[in-house]
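Q: Okay, handing you the structure first.
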Amino acid sequence: MKKRLFQIGVIMALGCGVAQADGYTQADRIADMQKMAQAMQDIQSGLLYNNLDIIKAGTKVLKETVVKVRPTDEEVNNKDIYEKWLNNNLKMTNKIQKKIRNKADTLEERFADGDAVQALQEYSKIIGQCMKCHVRLRKW
Ligand code: HEC
C-alpha cells in the first residue's frame, strides 16, 4: 500500500509538466518564500499608502509564486519524506495555494472598490494561510 502510494505520487509528480523536470531545490523554495514575504510587505505598503498599483504588483507576485511551492526534488526522491507530503500535505498544499490566490483577487477587488477594511481582512486571511502551512507542515 505504501509502495503503491509512492508510485502514484511519482506518476503525479511526473505528470505535473516541464517545471517538475527542471528540479525544485530547497534553495528555490526558500527564494520563493522570501519573494512571497516581500510581496506581502508590498501589499501592506499599498494598503497603508492607499496605492492600488503597489497592491496589484504585490498580489501578482504572490499569486505567481505560491503555485510553485511543492516538495523539493530531494524530498521527492526520499521515499519516506515524500510519502509524508503525499499522505498529509499535498492536498493541504493545493487547497492553500488556491485559497491564497482567491483571497489575493478578493483583496485587490475590495480595495479597488474603496473597501480598504475588507481588503485588510483578506490580507490577514492570507497570512493565516501562510501560517497554516508553516504550522502543519513545518511544525513551527
Ligand atoms: C505549502 C506550504 C507553505 C505555504 C503555503 C507557505 N509556506 Fe513559507 N515555508 C514553507 C516551507 C516548507 C518553508 C521552509 C523552506 C525550506 O527550508 O525549504 C517556508 C519558509 C518560509 C520563510 C522563511 C524563508 C527563509 O529565508 O528561510 C518565509 C519568510 C516564508 N516561508 C513566508 C511565507 C509566506 C509569506 C507565505 C504566504 C504568502 C508562505 N510562506 C506560505 C512552506 C509554506
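Here's how to read the names in the C-alpha cells: chain A, B, ... by the order shown, residue numbers from 1 in each chain, ligand numbers from 1 in the order shown.
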Can you tell me which residues surround Gln38 (chain A) at a distance of at most 10 Å, considering only C-alpha atoms, apart from same-chain residues fewer than 4 positions away, and format the answer as a PyMOL selection string?

A: chain A and resi 32-34+42-44+58+61-62

Q: Can you write just those residues out, all heavy atoms, as an mmCIF file, in the first residue's frame?

A:
data_model
loop_
_atom_site.group_PDB
_atom_site.id
_atom_site.type_symbol
_atom_site.label_atom_id
_atom_site.label_comp_id
_atom_site.auth_asym_id
_atom_site.auth_seq_id
_atom_site.Cartn_x
_atom_site.Cartn_y
_atom_site.Cartn_z
ATOM 1 N N ASP A 32 11.445 31.397 -3.121
ATOM 2 C CA ASP A 32 10.017 31.638 -3.353
ATOM 3 C C ASP A 32 9.345 32.194 -2.099
ATOM 4 O O ASP A 32 8.512 33.096 -2.173
ATOM 5 C CB ASP A 32 9.312 30.342 -3.790
ATOM 6 C CG ASP A 32 9.595 30.007 -5.253
ATOM 7 O OD1 ASP A 32 10.010 30.915 -5.998
ATOM 8 O OD2 ASP A 32 9.394 28.839 -5.637
ATOM 9 N N MET A 33 9.726 31.635 -0.958
ATOM 10 C CA MET A 33 9.139 32.088 0.315
ATOM 11 C C MET A 33 9.486 33.554 0.565
ATOM 12 O O MET A 33 8.649 34.347 0.991
ATOM 13 C CB MET A 33 9.654 31.229 1.472
ATOM 14 C CG MET A 33 9.116 29.818 1.460
ATOM 15 S SD MET A 33 7.335 29.803 1.697
ATOM 16 C CE MET A 33 6.928 28.277 0.872
ATOM 17 N N GLN A 34 10.755 33.895 0.290
ATOM 18 C CA GLN A 34 11.185 35.274 0.526
ATOM 19 C C GLN A 34 10.491 36.236 -0.435
ATOM 20 O O GLN A 34 10.151 37.359 -0.069
ATOM 21 C CB GLN A 34 12.708 35.366 0.437
ATOM 22 C CG GLN A 34 13.361 34.657 1.631
ATOM 23 C CD GLN A 34 14.869 34.549 1.536
ATOM 24 O OE1 GLN A 34 15.458 34.897 0.516
ATOM 25 N NE2 GLN A 34 15.496 34.061 2.601
ATOM 26 N N ASP A 42 4.796 44.424 0.331
ATOM 27 C CA ASP A 42 4.377 45.400 -0.673
ATOM 28 C C ASP A 42 2.869 45.656 -0.578
ATOM 29 O O ASP A 42 2.421 46.798 -0.661
ATOM 30 C CB ASP A 42 4.731 44.904 -2.086
ATOM 31 C CG ASP A 42 6.237 44.925 -2.331
ATOM 32 O OD1 ASP A 42 6.962 45.555 -1.530
ATOM 33 O OD2 ASP A 42 6.691 44.310 -3.311
ATOM 34 N N ILE A 43 2.113 44.570 -0.417
ATOM 35 C CA ILE A 43 0.660 44.719 -0.311
ATOM 36 C C ILE A 43 0.320 45.582 0.912
ATOM 37 O O ILE A 43 -0.515 46.478 0.852
ATOM 38 C CB ILE A 43 -0.034 43.341 -0.220
ATOM 39 C CG1 ILE A 43 0.169 42.567 -1.532
ATOM 40 C CG2 ILE A 43 -1.525 43.498 0.084
ATOM 41 C CD1 ILE A 43 -0.242 41.097 -1.464
ATOM 42 N N GLN A 44 1.026 45.306 2.010
ATOM 43 C CA GLN A 44 0.791 46.097 3.225
ATOM 44 C C GLN A 44 1.085 47.576 2.970
ATOM 45 O O GLN A 44 0.316 48.451 3.376
ATOM 46 C CB GLN A 44 1.656 45.567 4.361
ATOM 47 C CG GLN A 44 1.395 46.281 5.674
ATOM 48 C CD GLN A 44 2.346 45.840 6.768
ATOM 49 O OE1 GLN A 44 2.360 44.677 7.155
ATOM 50 N NE2 GLN A 44 3.147 46.759 7.257
ATOM 51 N N GLY A 58 2.028 43.542 -5.830
ATOM 52 C CA GLY A 58 2.235 42.539 -4.775
ATOM 53 C C GLY A 58 1.404 41.290 -4.991
ATOM 54 O O GLY A 58 1.916 40.163 -4.897
ATOM 55 N N VAL A 61 2.836 39.055 -7.866
ATOM 56 C CA VAL A 61 3.988 38.233 -7.469
ATOM 57 C C VAL A 61 3.535 37.102 -6.543
ATOM 58 O O VAL A 61 3.941 35.945 -6.705
ATOM 59 C CB VAL A 61 5.072 39.090 -6.769
ATOM 60 C CG1 VAL A 61 6.178 38.217 -6.180
ATOM 61 C CG2 VAL A 61 5.663 40.102 -7.744
ATOM 62 N N LEU A 62 2.672 37.445 -5.607
ATOM 63 C CA LEU A 62 2.190 36.434 -4.657
ATOM 64 C C LEU A 62 1.502 35.275 -5.386
ATOM 65 O O LEU A 62 1.801 34.106 -5.138
ATOM 66 C CB LEU A 62 1.214 37.088 -3.662
ATOM 67 C CG LEU A 62 0.614 36.166 -2.604
ATOM 68 C CD1 LEU A 62 1.694 35.627 -1.671
ATOM 69 C CD2 LEU A 62 -0.466 36.894 -1.805
#

Q: List all protein, DNA and RNA residues that have at least one atom no more than 9 Å from any atom of ligand 1, counting only C-alpha atoms and all ligand atoms, and write them as a VMD selection string.

A: chain A and resid 25 to 41 62 to 63 65 to 67 69 to 72 89 to 90 92 to 97 100 126 to 138

Q: Nearest residue to Asp105 (chain A) out of A:Ile54, A:Lys60, A:Leu47, A:Lys91, using only C-alpha atoms?

A: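 Looking only at the distances to Asp105 (chain A), the closest residue turns out to be A:Lys60.
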
Q: Can you list, as a ChimeraX atom specification, every protein, DNA or RNA residue that comes within 9 Å of Lys103 (chain A) when you count only C-alpha atoms, leaving out same-chain residues fewer than 2 positions away?

A: /A:98-101,105-108,122-123,125-126

Q: If you measure from CA of Phe111 (chain A) to CA of Leu52 (chain A), what distance in Å do you get, rounded to one decimal?

A: 7.2 Å

Q: Using Å and a single decimal, report how far CA of Glu64 (chain A) sits from CA of Val76 (chain A).

A: 22.3 Å
